[in-house]
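Written below as structure tokens is the structure these notes are about.
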Amino acid sequence: MDEMELLRELRAGLPPARAEARALARGRLVARSEELARPRSRRRFVWPSRRWRLLAAGAFAALLAAVVVALGVFSSGSRVESAVAAALRQTASVAEASDTPGITPPGPGQFLYTKTEVVQIEGWLPHGHQGSKAEPRYFTPHVSNPYPQALVPTVVEKWTAPDGTIRQRETLGQVQFFSTADQRRWEAAGSPPPWSFDPRWQDASRNRSGQLVKDFETRKWAPDVSFPDPSELPTDPKALRLAVEHGRVRPPWVFDVEFVTINPETGEAETRPKGQPLGPEETIERLFEILEKPTTTPALRAAAFNALAEIPGIRLVRNVTDVAGRHGQAIALVGEGSGLRSDFTFDPDTAELLAHGETIVNPKAIDRAVPVGTAFRQIAYLESGIVDSAHETAAEAEGEGPVATTEPGDPK
Amino acid sequence: MDGQTSDSELISASAASPGDFAAIFDRHFDAVYAYLQRRIGRDLAEELSAETFLVAFDNRHRYDASRGGPRPWLLGIATNLLRHHWRREVRELRAYARSAADPVLDAFDGVEERLDASGERRRLVEGLAELPGPERDALLLAAWADLSYAEIAVALEVPVGTVRSRLSRARQRISSSLGGEPGDAATATRSRGG
């Protein structure tokens with residue numbers, strides 16, 4: 001018997017998936033597809049390629065609740081300049097004058113380094129997960145009330161090579177519950193980490209600071225989508241907006257081109273009728289997808305902000321603070337019935353995108369016992385740049401920090 | 001969509017009708033789960049199987065029907081997700097090799113395990129544990145998912161030549177671990193499409 005035959009015999013005959021596990025998996029898929037099929041205005045914002053989940057940053061609660069202001073509304077049928085449009089055009093001017101070019105794709109031996117901080121709400125099941133052999137202490141973003149809710153921060157660093165292979169390092173921050181009693185109870189139980197970092201289920205180890213870290217190699221499914229070519233997009237604001245609205249801006253700049261709506265008469269999901277442009281909210285989302293790409297140039301950034309300025313009814317939130325403590329402004333989209341508001345936060349002084357996330361405006365709608373204004377999920381963009389090593393950060397490459405040393409979990 | 005609709009048609013239709021993708025789940029979940037369970041055990045396989053189809057759904061617009069059916073694509077996603085757990089996989093293979101008790105089988109009562117008086121299975125498992133991750137992926141996609149060279153190439157997004165090289169090296173290493181020579185590739189490896 002040769003080695004392949006021996007391998008085929010190894011662990012053969014295992015039973016099929018348990019019915020409950022299969023049903024749970026299918027339910028998650030159906031929920032995702034139903035979420036996508038809802039009309040945009042009633043759909044919570046989901047960025048499927050990032051598997052974003054709603055999370056809350058408790059630190060934002062008071063600030064966001066205090067400073068939400070809708071500024072300016074275009075009068076019907078005319079392009080009256082409002083305070084919002086003026087603010088966005090000012091940001092566009094800043095972008096155009098920037099001497100920071102868009103990132104060029106990494107060459108051989110180089111990597112695109114990005115660093116983000118993700119803060120999200122997760123629920124803790126003190127008595128475990130029913131129906132499995134999982135340990136009693138189970139912590140996951142999938143559970144809502146009545147289980148204790150906490151904010152879970154994670155710093156995500158990625159080194160993306162030209163061929164799409166990625167070194168990814170994720171570092172778990174300090175978990176914070178919304179009540180002192182829950183926090184103490186969790187600590188008394190041994191401070192069990194979230195499932196995504198639990199060493200019993202994941203390849204996680206502790207760094208010198210005692211934080212749980214995952215360090216692994218992965219790759220983008222389609223390796224050519226990491227570095228979209230800015231020359232593909234117009235830098236004239238009107239042309240850019242029309243290109244977005246009419247579906248001519250294609251992946252990888254935006255996630256999807258086809259747009260699904262629900263026919264109000266039949267209740268069936270259908271694609272947008274040919275020739276019908278995207279609505280304001282969809283256009284805003286796609287313009288921020290463009291702004292988010294590291295290869296976006298100053299001219300393209302200026303065009304995107306000027307295009308935003310032309311969108312009727314756009315809502316600007318001033319004096320926003322992101323999870324990293326940075327101040328900026330945010331374009332806000334409120335999902336009717338979803339209980340969430342999508343925020344695209346930027347720094348008007350630099351025209352840089354700071355963060356993207358969802359803020360809870362109606363906790364009951366999402367069945368989470370957390371304050372209004374808590375971020376359901378926030379991603380803050382911290383660093384990006386080209387580096388010459390998968391062990392170097394963008395700041396270090398610019399001489400702004402110590403040279404990285406090998407940490408536990410660093411790939412050999 | 002009826003039962004006669006092809007996988008490619010279902011995936012294509014799911015762009016406008018996202019619910020159609022559930023049929024892809026119904027057709028391929030068992031195969032994805034079985035492969036993952038064999039590699040990493042039941043509990044993690046349950047989670048990663050679910051994640052596989054969510055990732056596939058999110059990336060369904062990138063599915064290339066010209067490269068064949070979706071199973072290699074799905075198994076490629078599963079393999080990619082599994083890379084986060086290579087260390088655990090190796091740890092459990094080494095534990096199995098040391099103790100002759102397979103952690104993967106630990107979750108089940110009554111699953112038969114062939115006695116291995118000669119230690120051959122232990123040496124096989126040791127050899128698996130020592131393989132570089134990409135070689136182990138290619139080898140187990142062939143042995144446990146029954147993919148051809150071309151299908152493995154689709155799953156791992158590498159050229160067929162790279163698949164051949166990885167499989168050849170992996171089999172040589174395993175054979176060395178077993179203390180023998182590599183078996184006849186023509187008889188031991190599926191030749192369909194490869």
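Lettering and numbering for the structure tokens are positional, with chains as A, B, ... in the shown order, residues counted from 1 in each chain, and ligands counted from 1 in the shown order.
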
Given only C-alpha atoms, how would the per-residue table for chain B near chain A read, listing every residue at most 6 Å away with its closest atom pair and distance in Å to one decimal, sorted by chain and number, as a tab-separated table?
```
residue	atom	partner	partner_atom	distance
B:Ala16	CA	A:Thr271	CA	5.3
B:Ser17	CA	A:Ala269	CA	6.0
B:Pro18	CA	A:Ser33	CA	5.1
B:Gly19	CA	A:Ser33	CA	5.6
B:Ala50	CA	A:Ala25	CA	4.6
B:Leu54	CA	A:Leu29	CA	5.8
B:Asp58	CA	A:Pro48	CA	5.4
B:His84	CA	A:Phe216	CA	5.8
B:His85	CA	A:Asp203	CA	5.5
B:Arg87	CA	A:Asp203	CA	5.9
B:Ala143	CA	A:Arg8	CA	5.4
B:Gly183	CA	A:Asp2	CA	5.0
B:Ala188	CA	A:Met4	CA	6.0
```

Selection near range 70-83 of chain B, 6 Å with only C-alpha atoms, sequence-local residues under 3 positions removed, as JSON, numbers by chain: {"B": [52, 86, 151, 155, 156]}

DSSP alpha helix (DSSP H) selection over range 44-91 of chain B, as an NGL selection string: :B and (44-58 or 70-82 or 86-91)

Counting only C-alpha atoms, the option among A:Thr345, A:Gln110, A:Ser82, A:Thr359 closest to Glu292 in chain A: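 Looking at the shortest contact to Glu292 in chain A, the residue is A:Thr345.
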
Would you mind listing what lies within 12 Å of Glu9 in chain B as a short mmCIF file (atom, residue, chain, number, x, y, z; two decimals) with N, CA and C atoms, in the first residue's frame, with only C-alpha atoms counted and same-chain residues fewer than 3 positions away left out?
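Produced file result09.cif, reproduced below:
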```cif
data_model
loop_
_atom_site.label_atom_id
_atom_site.label_comp_id
_atom_site.auth_asym_id
_atom_site.auth_seq_id
_atom_site.Cartn_x
_atom_site.Cartn_y
_atom_site.Cartn_z
N MET B 1 -35.61 28.50 -8.70
CA MET B 1 -34.62 27.65 -9.37
C MET B 1 -34.94 26.20 -9.05
N ASP B 2 -34.94 25.34 -10.07
CA ASP B 2 -35.28 23.95 -9.82
C ASP B 2 -34.01 23.14 -9.67
N GLY B 3 -34.20 21.84 -9.39
CA GLY B 3 -33.05 21.00 -9.12
C GLY B 3 -32.17 20.76 -10.32
N GLN B 4 -32.60 21.14 -11.53
CA GLN B 4 -31.81 20.89 -12.71
C GLN B 4 -30.84 22.03 -13.01
N THR B 5 -30.95 23.11 -12.28
CA THR B 5 -30.10 24.27 -12.57
C THR B 5 -28.67 23.96 -12.18
N SER B 6 -27.73 24.33 -13.06
CA SER B 6 -26.33 24.04 -12.78
C SER B 6 -25.81 24.95 -11.67
N SER B 12 -24.42 32.52 -10.74
CA SER B 12 -24.66 33.70 -11.56
C SER B 12 -25.97 34.37 -11.19
N ALA B 13 -27.00 33.56 -11.00
CA ALA B 13 -28.31 34.12 -10.66
C ALA B 13 -28.30 34.78 -9.28
N SER B 14 -27.42 34.32 -8.41
CA SER B 14 -27.41 34.84 -7.04
C SER B 14 -26.94 36.29 -6.99
N ALA B 15 -26.38 36.80 -8.08
CA ALA B 15 -26.00 38.21 -8.09
C ALA B 15 -27.23 39.08 -7.93
N ALA B 16 -28.30 38.68 -8.62
CA ALA B 16 -29.55 39.43 -8.54
C ALA B 16 -30.49 38.84 -7.50
N SER B 17 -30.37 37.57 -7.27
CA SER B 17 -31.25 36.88 -6.33
C SER B 17 -30.38 36.15 -5.31
N ASP B 20 -30.57 32.47 -3.97
CA ASP B 20 -30.26 31.29 -4.79
C ASP B 20 -28.96 30.62 -4.37
N PHE B 21 -28.13 31.38 -3.69
CA PHE B 21 -26.83 30.80 -3.31
C PHE B 21 -27.00 29.69 -2.29
N ALA B 23 -28.69 27.14 -2.47
CA ALA B 23 -28.66 25.85 -3.16
C ALA B 23 -27.22 25.35 -3.31
N ILE B 24 -26.29 26.28 -3.46
CA ILE B 24 -24.88 25.89 -3.53
C ILE B 24 -24.46 25.29 -2.20
N ARG B 60 -18.98 35.83 -4.55
CA ARG B 60 -19.58 35.04 -5.63
C ARG B 60 -19.43 35.72 -6.99
N TYR B 63 -16.45 34.34 -8.89
CA TYR B 63 -16.41 32.93 -9.27
C TYR B 63 -16.30 32.82 -10.79
N ASP B 64 -15.35 32.03 -11.24
CA ASP B 64 -15.10 31.88 -12.67
C ASP B 64 -15.60 30.52 -13.13
N ALA B 65 -16.76 30.51 -13.74
CA ALA B 65 -17.38 29.25 -14.16
C ALA B 65 -16.56 28.53 -15.23
N SER B 66 -15.71 29.26 -15.94
CA SER B 66 -14.93 28.63 -17.01
C SER B 66 -13.87 27.69 -16.44
N GLY B 69 -16.50 23.37 -11.99
CA GLY B 69 -17.52 23.49 -10.96
C GLY B 69 -17.00 24.22 -9.73
N PRO B 70 -17.90 24.55 -8.84
CA PRO B 70 -17.50 25.36 -7.69
C PRO B 70 -16.81 24.61 -6.57
#
```

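Of the listed residues (A:Phe178, A:Phe346, A:Phe305, A:Trp195), A:Trp195 comes nearest to Leu44 in chain B; the distances count only C-alpha atoms.
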
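The coordinates place CA of Pro230 in chain A at 21.9 Å from CA of Pro348 in chain A.
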
Shell of 10 Å around Glu232 in chain A, only C-alpha atoms, local chain residues under 5 positions omitted, as a PyMOL selection string: chain A and resi 249-250+253

Close residues, Pro132 in chain B itself excluded, 12 Å, only C-alpha atoms, min 2 positions apart in chain, as a PyMOL selection string: (chain A and resi 412) or (chain B and resi 83+86-87+89-90+127-130+134-139+166-167+169-171+173-174)

Which of A:Gln276, A:Asn362, A:Ser389, A:Asn319 sits closest to Val244 in chain A [using only C-alpha atoms]: A:Gln276

Who sits within 6 Å of Thr235 in chain A, only C-alpha atoms, same chain under 6 positions skipped, as a list in words: Ala299, Leu300 and Ala303 of chain A
